[in-house]
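**Student:** My file is work06.cif. It has mmCIF, C-alpha atoms:
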```cif
data_final
#
loop_
_atom_site.label_atom_id
_atom_site.label_comp_id
_atom_site.auth_asym_id
_atom_site.auth_seq_id
_atom_site.Cartn_x
_atom_site.Cartn_y
_atom_site.Cartn_z
CA MET K 570 105.88 66.39 138.53
CA PHE K 571 106.27 62.83 137.28
CA ASN K 572 107.41 59.84 139.31
CA LEU K 573 110.21 57.54 138.20
CA SER K 574 107.90 54.88 136.72
CA GLU K 575 106.25 57.50 134.50
CA ILE K 576 109.64 58.85 133.43
CA LEU K 577 110.87 55.38 132.49
CA GLU K 578 107.71 54.76 130.48
CA LYS K 579 107.82 58.08 128.62
CA THR K 580 111.54 57.80 127.83
CA LYS K 581 111.59 54.11 126.90
CA GLU K 582 112.49 54.56 123.24
CA ASN K 583 114.90 57.43 123.88
CA ARG K 584 116.79 55.53 126.57
CA LEU K 585 117.45 52.68 124.15
CA LEU K 586 118.70 55.18 121.57
CA VAL K 587 121.00 56.78 124.17
CA GLU K 588 122.29 53.35 125.17
CA ASN K 589 122.98 52.33 121.57
CA ALA K 590 124.66 55.63 120.74
CA MET K 591 126.94 55.53 123.77
CA ASP K 592 127.81 51.85 123.38
CA CYS K 593 128.37 51.85 119.63
CA SER K 594 130.07 55.15 118.97
CA GLY K 595 132.14 55.56 122.10
CA ALA K 596 131.61 59.25 121.52
CA GLY K 597 130.39 60.00 125.03
CA PHE K 598 127.31 61.98 125.93
CA HIS K 599 125.90 65.34 124.91
CA PRO K 600 122.15 66.09 124.97
CA GLU K 601 122.24 67.55 121.46
CA GLU K 602 123.45 64.19 120.16
CA ASN K 603 121.36 61.83 122.27
CA SER K 604 118.98 62.52 125.12
CA ILE K 605 115.98 61.12 126.95
CA TYR K 606 114.12 64.34 126.01
CA THR K 607 114.34 63.92 122.23
CA GLY K 608 110.96 64.28 120.53
CA LEU K 609 108.93 64.62 123.73
CA SER K 610 106.22 67.24 124.17
CA ASP K 611 107.08 70.43 126.01
CA ALA K 612 104.89 69.35 128.93
CA ASP K 613 106.70 66.01 129.24
CA LYS K 614 110.12 67.66 128.93
CA THR K 615 109.24 70.13 131.67
CA GLY K 616 107.88 67.46 134.03
CA ILE K 617 110.84 65.15 133.56
CA TYR K 618 113.40 67.93 133.83
CA GLU K 619 111.77 69.19 137.03
CA TYR K 620 112.06 65.73 138.56
CA MET K 621 115.66 65.22 137.40
CA HIS K 622 116.65 68.67 138.61
CA LYS K 623 115.21 68.32 142.10
CA VAL K 624 116.23 64.76 142.93
CA SER K 625 119.82 64.01 143.95
CA LEU K 626 121.86 61.34 142.19
CA ARG K 627 121.78 59.18 145.31
CA LYS K 628 118.01 59.42 145.67
CA LEU K 629 117.53 58.76 141.98
CA VAL K 630 119.52 55.53 142.23
CA GLU K 631 118.81 54.20 145.70
CA LYS K 632 115.81 55.78 147.40
CA LEU K 633 113.40 56.60 144.60
CA GLY K 634 113.42 53.25 142.90
CA LEU K 635 115.91 53.21 140.04
CA ARG K 636 117.87 50.40 141.67
CA GLU K 637 114.88 48.06 141.40
CA TYR K 638 115.02 48.46 137.64
CA LEU K 639 118.67 47.53 137.38
CA GLY K 640 118.45 43.76 137.37
CA PRO K 641 119.43 40.94 139.72
CA SER K 642 122.84 42.32 140.68
CA THR K 643 121.26 45.57 142.00
CA THR K 644 124.32 47.46 140.79
CA LEU K 645 124.77 50.07 138.12
CA THR K 646 127.71 48.31 136.55
CA THR K 647 125.86 45.30 135.18
CA GLY K 648 125.09 44.90 131.51
CA THR K 649 121.78 43.22 132.32
CA THR K 650 118.80 45.30 133.40
CA ALA K 651 115.27 44.38 134.38
CA ALA K 652 113.91 47.42 132.52
CA ALA K 653 115.73 47.83 129.23
CA GLY K 654 117.98 50.86 129.28
CA ALA K 655 116.78 52.05 132.70
CA PRO K 656 120.19 53.38 133.83
CA TYR K 657 120.29 55.64 130.79
CA VAL K 658 118.30 58.32 132.57
CA ILE K 659 121.51 58.89 134.53
CA PRO K 660 123.62 60.54 131.77
CA ASP K 661 121.01 63.29 131.44
CA LYS K 662 120.94 63.68 135.23
CA ILE K 663 124.73 63.99 135.37
CA TYR K 664 124.75 66.45 132.48
CA ALA K 665 122.05 68.54 134.17
CA GLU K 666 124.20 68.71 137.33
CA LEU K 667 127.23 69.69 135.27
CA PHE K 668 125.36 72.32 133.28
CA GLU K 669 123.66 73.91 136.30
CA SER K 670 126.92 74.25 138.22
CA ALA K 671 128.72 75.65 135.16
CA ARG K 672 125.97 78.17 134.43
CA GLY K 673 126.67 80.13 137.62
CA MET K 674 130.26 80.75 136.48
CA ASP K 675 129.73 80.86 132.73
CA LEU K 676 129.02 84.45 131.71
CA VAL K 677 129.81 83.89 128.02
CA PRO K 678 126.20 84.03 126.73
CA TYR K 679 125.56 87.23 128.72
CA ILE K 680 128.68 89.24 127.93
CA SER K 681 129.45 88.19 124.35
CA ASN K 682 127.79 87.55 121.01
CA VAL K 683 127.62 83.75 120.61
CA VAL K 684 127.77 82.68 116.96
CA ASP K 685 127.67 79.33 115.16
CA SER K 686 129.61 77.89 112.24
CA PRO K 687 129.15 74.78 110.10
CA GLY K 688 132.91 74.47 109.71
CA ALA K 689 135.84 74.12 112.08
CA THR K 690 136.56 77.86 112.02
CA LEU K 691 134.55 81.01 111.40
CA LYS K 692 135.46 84.19 109.51
CA ILE K 693 134.08 87.36 111.10
CA ASP K 694 133.54 90.55 109.10
CA ALA K 695 133.83 94.07 110.45
CA GLU K 696 133.05 97.24 108.53
CA VAL K 697 135.82 99.78 108.22
CA PRO K 698 134.54 102.91 110.01
CA ASN K 699 132.80 105.55 107.88
CA THR K 700 132.61 103.44 104.73
CA TYR K 701 129.02 102.21 105.09
CA TYR K 702 126.33 104.84 104.82
CA PRO K 703 123.18 105.53 102.74
CA LYS K 704 123.28 107.50 99.48
CA ILE K 705 120.65 109.92 98.23
CA VAL K 706 119.31 109.09 94.77
CA GLY K 707 116.87 110.92 92.51
CA GLY K 708 113.37 109.68 91.81
CA GLY K 709 113.58 106.51 89.74
CA GLY K 710 117.35 106.56 89.98
CA GLU K 711 119.41 103.43 90.45
CA ASN K 712 121.09 102.66 93.71
CA PRO K 713 124.83 103.35 93.36
CA ASN K 714 127.31 100.60 94.02
CA GLU K 715 128.28 100.32 97.67
CA THR K 716 131.79 101.36 98.60
CA ILE K 717 131.77 99.57 101.94
CA GLN K 718 135.15 98.30 103.07
CA ILE K 719 135.36 95.12 105.14
CA THR K 720 138.14 93.71 107.25
CA GLN K 721 138.05 90.12 108.36
CA GLY K 722 139.27 87.91 111.17
CA THR K 723 139.11 84.17 111.81
CA ILE K 724 137.96 82.52 115.04
CA THR K 725 139.64 79.18 115.65
CA PRO K 726 138.15 77.31 118.63
CA ARG K 727 140.47 75.79 121.20
CA THR K 728 139.63 72.65 123.19
CA PHE K 729 139.80 72.60 126.98
CA THR K 730 139.07 69.59 129.16
CA LEU K 731 138.75 68.53 132.78
CA SER K 732 138.46 65.09 134.40
CA PRO K 733 136.03 64.86 137.34
CA GLN K 734 137.82 62.96 140.08
CA ILE K 735 135.45 60.02 140.35
CA THR K 736 137.25 57.00 141.83
CA ASN K 737 136.37 53.32 141.70
CA ASP K 738 135.93 53.38 145.49
CA MET K 739 133.16 55.95 145.17
CA ILE K 740 131.36 53.81 142.61
CA GLU K 741 131.69 50.56 144.54
CA ASP K 742 130.65 52.17 147.83
CA SER K 743 127.77 54.10 146.23
CA GLN K 744 129.20 57.42 147.39
CA PHE K 745 126.85 59.34 145.14
CA GLU K 746 126.93 62.53 147.22
CA LEU K 747 130.70 62.79 146.73
CA MET K 748 130.36 61.98 143.04
CA GLU K 749 127.76 64.72 142.69
CA ARG K 750 130.05 67.16 144.46
CA HIS K 751 132.93 66.39 142.09
CA ILE K 752 130.61 66.86 139.11
CA ASP K 753 129.54 70.20 140.57
CA ILE K 754 133.15 71.31 141.08
CA ALA K 755 134.02 70.24 137.53
CA GLY K 756 131.12 72.26 136.13
CA ARG K 757 132.13 75.38 138.06
CA ALA K 758 135.73 75.07 136.85
CA MET K 759 134.63 74.68 133.22
CA GLY K 760 132.30 77.68 133.45
CA ASP K 761 134.99 79.81 135.08
CA PHE K 762 137.58 78.85 132.47
CA SER K 763 135.12 79.55 129.66
CA THR K 764 134.44 83.06 130.98
CA LYS K 765 138.15 83.89 131.37
CA MET K 766 138.78 82.56 127.87
CA CYS K 767 136.03 84.86 126.56
CA LEU K 768 137.52 87.92 128.25
CA PHE K 769 141.07 87.15 127.18
CA PRO K 770 141.04 89.06 123.85
CA ILE K 771 140.20 92.35 125.58
CA MET K 772 142.24 91.74 128.72
CA ASP K 773 145.33 90.93 126.64
CA ASP K 774 144.78 93.27 123.68
CA HIS K 775 144.29 96.50 125.60
CA ARG K 776 147.79 96.20 127.08
CA ALA K 777 149.44 95.71 123.70
CA THR K 778 150.41 98.26 121.06
CA ALA K 779 148.53 96.24 118.42
CA THR K 780 145.10 94.66 118.79
CA THR K 781 146.01 91.05 118.08
CA TYR K 782 142.53 89.70 118.74
CA ALA K 783 140.46 92.60 117.40
CA ILE K 784 139.48 93.00 113.75
CA THR K 785 139.29 96.77 113.66
CA GLY K 786 139.35 99.86 115.88
CA ALA K 787 141.15 100.72 119.10
CA TYR K 788 139.80 100.17 122.60
CA ASN K 789 138.42 103.13 124.49
CA GLY K 790 139.97 103.72 127.88
CA VAL K 791 139.28 105.38 131.23
CA ASN K 792 141.80 105.60 134.06
CA ALA K 793 139.88 105.50 137.32
CA GLY K 794 142.87 107.15 138.98
CA GLY K 795 142.34 105.56 142.37
CA THR K 796 141.17 102.56 144.31
CA TYR K 797 137.54 102.45 143.25
CA VAL K 798 135.52 102.56 140.06
CA TYR K 799 133.09 105.39 140.55
CA ALA K 800 129.80 106.01 138.82
CA SER K 801 131.41 108.83 136.85
CA ASP K 802 134.05 106.41 135.48
CA VAL K 803 131.38 104.08 134.12
CA MET K 804 129.40 107.00 132.70
CA GLU K 805 132.54 108.28 130.95
CA ALA K 806 133.17 104.80 129.53
CA MET K 807 129.59 104.63 128.23
CA GLU K 808 130.00 108.05 126.66
CA GLN K 809 133.17 107.01 124.83
CA ASN K 810 131.46 103.95 123.37
CA ASN K 811 128.43 106.04 122.41
CA LEU K 812 130.62 108.52 120.54
CA ASP K 813 131.88 105.60 118.44
CA GLY K 814 128.31 104.55 117.71
CA PHE K 815 128.09 101.57 120.08
CA PRO K 816 125.64 102.01 122.98
CA SER K 817 126.94 100.16 126.04
CA ASP K 818 124.72 97.31 127.21
CA VAL K 819 127.02 95.16 129.41
CA ILE K 820 129.34 95.91 132.34
CA VAL K 821 131.86 93.30 133.51
CA LEU K 822 133.31 93.76 137.01
CA PRO K 823 136.17 91.75 138.56
CA ALA K 824 135.68 90.85 142.21
CA LEU K 825 139.24 91.59 143.34
CA TYR K 826 141.20 93.24 144.70
CA GLY K 827 139.61 93.98 148.06
CA ALA K 828 136.42 95.50 146.61
CA ALA K 829 138.65 97.95 144.73
CA THR K 830 137.08 96.90 141.47
CA LEU K 831 133.46 96.98 142.61
CA LEU K 832 131.26 99.90 141.67
CA LYS K 833 131.10 102.43 144.47
CA GLY K 834 129.27 105.68 145.00
CA GLU K 835 130.95 109.06 144.62
CA GLY K 836 131.25 109.94 148.28
CA ALA K 837 132.62 107.78 151.09
CA GLY K 838 131.45 104.57 149.45
CA THR K 839 127.85 105.73 149.08
CA PRO K 840 126.04 103.15 146.92
CA ILE K 841 124.93 104.15 143.45
CA PRO K 842 121.11 104.38 143.50
CA THR K 843 120.70 102.18 140.41
CA LEU K 844 123.32 99.59 141.40
CA GLU K 845 123.83 98.84 145.05
CA ALA K 846 127.43 98.28 146.07
CA VAL K 847 127.98 94.55 146.52
CA SER K 848 130.36 93.02 149.02
CA LYS K 849 132.79 90.52 147.54
CA PHE K 850 131.76 88.23 150.41
CA ASN K 851 128.09 88.24 149.47
CA LEU K 852 127.83 87.59 145.74
CA THR K 853 124.57 85.68 145.43
CA GLN K 854 123.50 86.49 141.89
CA ASN K 855 124.61 87.61 138.46
CA PRO K 856 123.87 90.18 137.19
CA ILE K 857 124.13 92.09 140.45
CA GLY K 858 121.95 94.88 139.06
CA THR K 859 121.80 97.43 136.26
CA PHE K 860 123.52 100.75 135.68
CA PHE K 861 121.67 103.04 133.27
CA GLY K 862 120.02 99.98 131.76
CA ALA K 863 123.21 97.94 131.38
CA PRO K 864 123.36 94.73 133.45
CA ALA K 865 126.51 94.44 135.58
CA TYR K 866 128.15 91.02 135.97
CA ILE K 867 130.90 90.08 138.40
CA VAL K 868 133.64 87.67 137.36
CA ILE K 869 134.86 85.45 140.19
CA ASN K 870 138.65 85.42 140.06
CA ASP K 871 141.48 84.94 142.52
CA GLY K 872 143.87 87.20 140.60
CA THR K 873 146.75 84.72 140.61
CA THR K 874 148.41 82.29 138.24
CA SER K 875 147.78 79.35 140.57
CA GLY K 876 145.74 76.27 139.73
CA LEU K 877 144.83 75.38 136.17
CA TRP K 878 146.40 78.45 134.70
CA ALA K 879 149.89 77.64 135.95
CA SER K 880 150.45 74.74 133.52
CA ALA K 881 152.68 75.38 130.53
CA ALA K 882 149.95 74.25 128.13
CA LEU K 883 147.78 77.17 129.19
CA GLN K 884 150.31 79.98 128.98
CA TYR K 885 148.40 81.18 125.94
CA TYR K 886 145.99 82.67 128.46
CA ALA K 887 148.54 83.83 131.01
CA GLY K 888 147.65 87.45 130.21
CA LEU K 889 144.31 86.96 131.91
CA TYR K 890 146.05 87.28 135.25
CA ALA K 891 147.62 90.59 136.13
CA THR K 892 148.16 92.47 139.35
CA THR K 893 144.89 94.30 138.68
CA TRP K 894 141.80 93.23 136.82
CA HIS K 895 139.93 95.86 134.88
CA THR K 896 136.28 96.80 134.54
CA LEU K 897 134.88 96.47 131.01
CA VAL K 898 131.98 98.47 129.57
CA LEU K 899 130.96 97.13 126.18
CA ASN K 900 128.38 96.64 123.48
CA LYS K 901 127.64 92.92 123.54
CA LYS K 902 126.78 92.52 119.84
CA TYR K 903 129.89 94.22 118.47
CA GLY K 904 132.32 93.45 121.27
CA ILE K 905 133.43 89.88 121.95
CA GLN K 906 132.43 87.29 119.34
CA THR K 907 132.27 83.73 120.71
CA LEU K 908 132.28 80.56 118.62
CA ARG K 909 131.25 77.49 120.58
CA LYS K 910 131.54 74.24 118.71
CA ARG K 911 130.86 72.11 121.76
CA TRP K 912 129.88 72.89 125.33
CA LEU K 913 130.33 70.42 128.19
CA LYS K 914 130.42 67.15 126.31
CA ILE K 915 131.22 64.11 128.50
CA GLU K 916 133.79 62.03 126.62
CA ARG K 917 135.25 58.57 127.30
CA TYR K 918 131.86 57.74 128.70
CA SER K 919 129.55 54.86 127.73
CA ASP K 920 128.41 53.23 130.97
CA PRO K 921 125.97 55.37 133.00
CA ILE K 922 128.03 55.28 136.19
CA LYS K 923 131.10 53.08 135.84
CA ASP K 924 132.73 55.14 133.10
CA LEU K 925 132.65 58.31 135.18
CA GLN K 926 136.00 57.01 136.37
CA GLY K 927 138.16 58.32 133.55
CA ALA K 928 135.47 60.44 131.88
CA VAL K 929 136.50 63.84 130.53
CA VAL K 930 134.38 66.97 130.29
CA SER K 931 135.35 68.67 127.06
CA SER K 932 134.50 71.98 125.38
CA ARG K 933 135.63 73.82 122.24
CA GLN K 934 135.45 77.59 122.16
CA GLY K 935 137.10 80.51 120.39
CA HIS K 936 136.86 84.32 120.53
CA MET K 937 137.60 87.52 118.66
CA VAL K 938 136.66 91.17 119.09
CA ALA K 939 134.88 92.52 115.99
CA ARG K 940 135.09 96.20 116.90
CA ALA K 941 137.51 97.20 119.64
CA ASP K 942 135.89 100.64 119.82
CA ALA K 943 132.68 98.99 121.07
CA THR K 944 134.51 98.41 124.38
CA CYS K 945 135.93 100.73 127.02
CA VAL K 946 138.49 99.42 129.52
CA ILE K 947 138.45 101.10 132.94
CA SER K 948 141.90 100.70 134.48
CA TYR K 949 143.28 101.74 137.88
CA ALA K 950 146.15 103.85 139.12
#
```
Represent the structure contained in this file as structure tokens.
**Tutor:**
Amino acid sequence: MFNLSEILEKTKENRLLVENAMDCSGAGFHPEENSIYTGLSDADKTGIYEYMHKVSLRKLVEKLGLREYLGPSTTLTTGTTAAAGAPYVIPDKIYAELFESARGMDLVPYISNVVDSPGATLKIDAEVPNTYYPKIVGGGGENPNETIQITQGTITPRTFTLSPQITNDMIEDSQFELMERHIDIAGRAMGDFSTKMCLFPIMDDHRATATTYAITGAYNGVNAGGTYVYASDVMEAMEQNNLDGFPSDVIVLPALYGAATLLKGEGAGTPIPTLEAVSKFNLTQNPIGTFFGAPAYIVINDGTTSGLWASAALQYYAGLYATTWHTLVLNKKYGIQTLRKRWLKIERYSDPIKDLQGAVVSSRQGHMVARADATCVISYA
């Protein structure tokens, strides 16, 4: 692992580019747009990232030597630095903290098919069932024209933002531990919101008479008929998806209510051999295991409309909260389609530390279900 002097030497040119980009554009910071890692070898990227990941923000600034590079004032808010652009290792450190904390709550890449688009929106095609199949031709015969029928939907990303509560007092008093904690909380909230946003099309659609957010097909359904989701319920859900031609490869479990939505064994809570029953008080990893080859993820959720979701601006997603969350068994590729135009960009941010007061973490994301019959919703009595 490198030391700080080596990192500053290896990132000299990149830090100046980051500084110029943030100062001139006012566009904020995102590692895909400007980063200390740009153009470095894999070995250098790994060594630097390992250092940045392990060291705390406070140690990076005060105890491991960054302060000595910051010029005569020994503060992070000066425009003059002894080593040109030295503070500009900090945006990458802050982003790494934000990303790592969000990743624990952000299940989007694991439970949906993430797609890209050069434009502001993306049109998604879905084949009308039983219109796409091979044709037998004679030797030397020409392939007949396809009669495939396509339906189409459009994903339009929506922007969601959050302001980490970094105050001027924290900056002036060098309360870097508290700043790091607020960045961590902001990342978790963004990851949680992103996951709920991803699940919204299914959670809302399956209650409605029409599939507003699905291009074609109707959702499969299993009524667990009791307090628990048993192994047989999940197996039945997998079977229904299989019959529609979509092998199930993801299971999404809500944590509430009262372990009622956790997988349980068939008799007196006996754990399923391939997926141990997990207490809602001891969720230490995602996925929690596999069930017939399908990884099972738990969504952390308090089951209420409190907090962020209570504001009028977010009523679009009010359907995410109901008296009971449901277990989803789906085919990832043909189930939820996710368009991410931006993930965790720090806006209103040009000074490495000072501008964290008033900075906004912003993301743009949109979703649609290509084939509703690639998903089975397990509901409760």
**Student:** State, in Å with one decimal place, the distance from CA of Val868 (chain K) to CA of Met759 (chain K).
**Tutor:** 13.7 Å
**Student:** Determine the residue membership of the PyMOL selection byres ((chain K and resi 620-625) around 8) for the file above and supply it as a ChimeraX atom specification.
**Tutor:** /K:570-572,616-619,626-629,662,665-666,746
**Student:** Just checking: using all atoms listed in the file, which residue out of K:Gly862, K:Gly756, K:Gly814, K:Pro726 ends up closest to Met674 (chain K)?
**Tutor:**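 Smallest separation from Met674 (chain K) among the options: K:Gly756.
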**Student:** Need the shell around region 727-731 of chain K: protein/DNA/RNA residues with any atom at most 9 Å away, counting only C-alpha atoms. Skip same-chain ones fewer than 3 positions apart. Format as a VMD selection string?
**Tutor:** chain K and resid 755 758 to 759 762 to 763 911 913 928 to 935
**Student:** Rank nothing, just name the residue among K:Ile724, K:Cys945, K:Ile705, K:Met766 nearest to Leu812 (chain K), using only C-alpha atoms.
**Tutor:**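 Closest to Leu812 (chain K), using only C-alpha atoms: K:Cys945.
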**Student:** Restricting the calculation to all atoms listed in the file: of K:Leu691, K:Val630, K:Leu635, K:Val587, which residue gets closest to Arg909 (chain K)?
**Tutor:** K:Leu691
**Student:** Of the candidates K:Phe815, K:Phe668, K:Tyr799, K:Tyr701, which shows the shortest atom-to-atom distance to His599 (chain K), using all atoms listed in the file?
**Tutor:** K:Phe668
**Student:** Quick one: residues within 12 Å of Val938 (chain K), all atoms listed in the file counted, chain neighbours fewer than 6 positions away excluded, as number ranges by chain?
**Tutor:** K: 681-683, 692-695, 721-724, 767-775, 780-788, 899-908, 944
**Student:** Please return, as a PyMOL selection string, all polymer residues that have at least one atom within 12 Å of the point (116.7, 66.2, 123.0); use only C-alpha atoms and the file's own coordinate frame.
**Tutor:** chain K and resi 580+583-584+586-587+598-611+613-614+618+661
**Student:** Have a look at CA of Gly597 (chain K) and CA of Tyr664 (chain K) and let me know their distance in Å, one decimal.
**Tutor:** 11.4 Å
**Student:** I need the residue nearest Ile663 (chain K) from this list: K:Val819, K:Ala612, K:Val798, K:Ile752. Use only C-alpha atoms for the distance.
**Tutor:**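 Closest residue, counting only C-alpha atoms: K:Ile752.
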**Student:** Kindly provide, as a list in words, the polymer residues lying within 9 Å of (127.6, 88.2, 128.8), counting all atoms listed in the file and using the coordinates exactly as they appear in the file.
**Tutor:**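 Result, sorted by chain then residue number: Asp675, Leu676, Val677, Pro678, Tyr679, Ile680, Ser681, Asn682, Thr764, Val819, Ile820, Val821, Tyr866 and Lys901 of chain K.
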**Student:** I'd like the neighbourhood of Val697 (chain K) as a tab-separated table (two decimals) with C-alpha atoms, keeping the file's coordinate frame, where a residue qualifies if any of its atoms comes within 7 Å (using all atoms listed in the file), though same-chain residues fewer than 4 positions away should be ignored.
**Tutor:**
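New file around_5.tsv:
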```
chain	number	residue	atom	x	y	z
K	718	GLN	CA	135.15	98.30	103.07
K	719	ILE	CA	135.36	95.12	105.14
K	720	THR	CA	138.14	93.71	107.25
```
**Student:** Taking the file as shown, what set of residues would the PyMOL selection byres ((chain K and resi 920) around 12) give back, as a JSON list (two decimals) with C-alpha atoms, in the coordinates of the input?
**Tutor:**
```json
[["chain", "number", "residue", "atom", "x", "y", "z"],
["K", 587, "VAL", "CA", 121.00, 56.78, 124.17],
["K", 588, "GLU", "CA", 122.29, 53.35, 125.17],
["K", 589, "ASN", "CA", 122.98, 52.33, 121.57],
["K", 590, "ALA", "CA", 124.66, 55.63, 120.74],
["K", 591, "MET", "CA", 126.94, 55.53, 123.77],
["K", 592, "ASP", "CA", 127.81, 51.85, 123.38],
["K", 593, "CYS", "CA", 128.37, 51.85, 119.63],
["K", 595, "GLY", "CA", 132.14, 55.56, 122.10],
["K", 596, "ALA", "CA", 131.61, 59.25, 121.52],
["K", 597, "GLY", "CA", 130.39, 60.00, 125.03],
["K", 598, "PHE", "CA", 127.31, 61.98, 125.93],
["K", 645, "LEU", "CA", 124.77, 50.07, 138.12],
["K", 646, "THR", "CA", 127.71, 48.31, 136.55],
["K", 647, "THR", "CA", 125.86, 45.30, 135.18],
["K", 648, "GLY", "CA", 125.09, 44.90, 131.51],
["K", 654, "GLY", "CA", 117.98, 50.86, 129.28],
["K", 655, "ALA", "CA", 116.78, 52.05, 132.70],
["K", 656, "PRO", "CA", 120.19, 53.38, 133.83],
["K", 657, "TYR", "CA", 120.29, 55.64, 130.79],
["K", 658, "VAL", "CA", 118.30, 58.32, 132.57],
["K", 659, "ILE", "CA", 121.51, 58.89, 134.53],
["K", 660, "PRO", "CA", 123.62, 60.54, 131.77],
["K", 915, "ILE", "CA", 131.22, 64.11, 128.50],
["K", 916, "GLU", "CA", 133.79, 62.03, 126.62],
["K", 917, "ARG", "CA", 135.25, 58.57, 127.30],
["K", 918, "TYR", "CA", 131.86, 57.74, 128.70],
["K", 919, "SER", "CA", 129.55, 54.86, 127.73],
["K", 921, "PRO", "CA", 125.97, 55.37, 133.00],
["K", 922, "ILE", "CA", 128.03, 55.28, 136.19],
["K", 923, "LYS", "CA", 131.10, 53.08, 135.84],
["K", 924, "ASP", "CA", 132.73, 55.14, 133.10],
["K", 925, "LEU", "CA", 132.65, 58.31, 135.18],
["K", 926, "GLN", "CA", 136.00, 57.01, 136.37],
["K", 927, "GLY", "CA", 138.16, 58.32, 133.55],
["K", 928, "ALA", "CA", 135.47, 60.44, 131.88]]
```
**Student:** Expressed in Å to a single decimal, how great is the separation between CA of Asn737 (chain K) and CA of Ser574 (chain K)?
**Tutor:**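 Going from CA of Asn737 (chain K) over to CA of Ser574 (chain K) covers 28.9 Å.
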**Student:** Closest to Phe860 (chain K) among K:Ala671, K:Ala941, K:Val803, K:Leu897, using all atoms listed in the file?
**Tutor:**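 Using all atoms listed in the file, Phe860 (chain K) sits closest to K:Val803.
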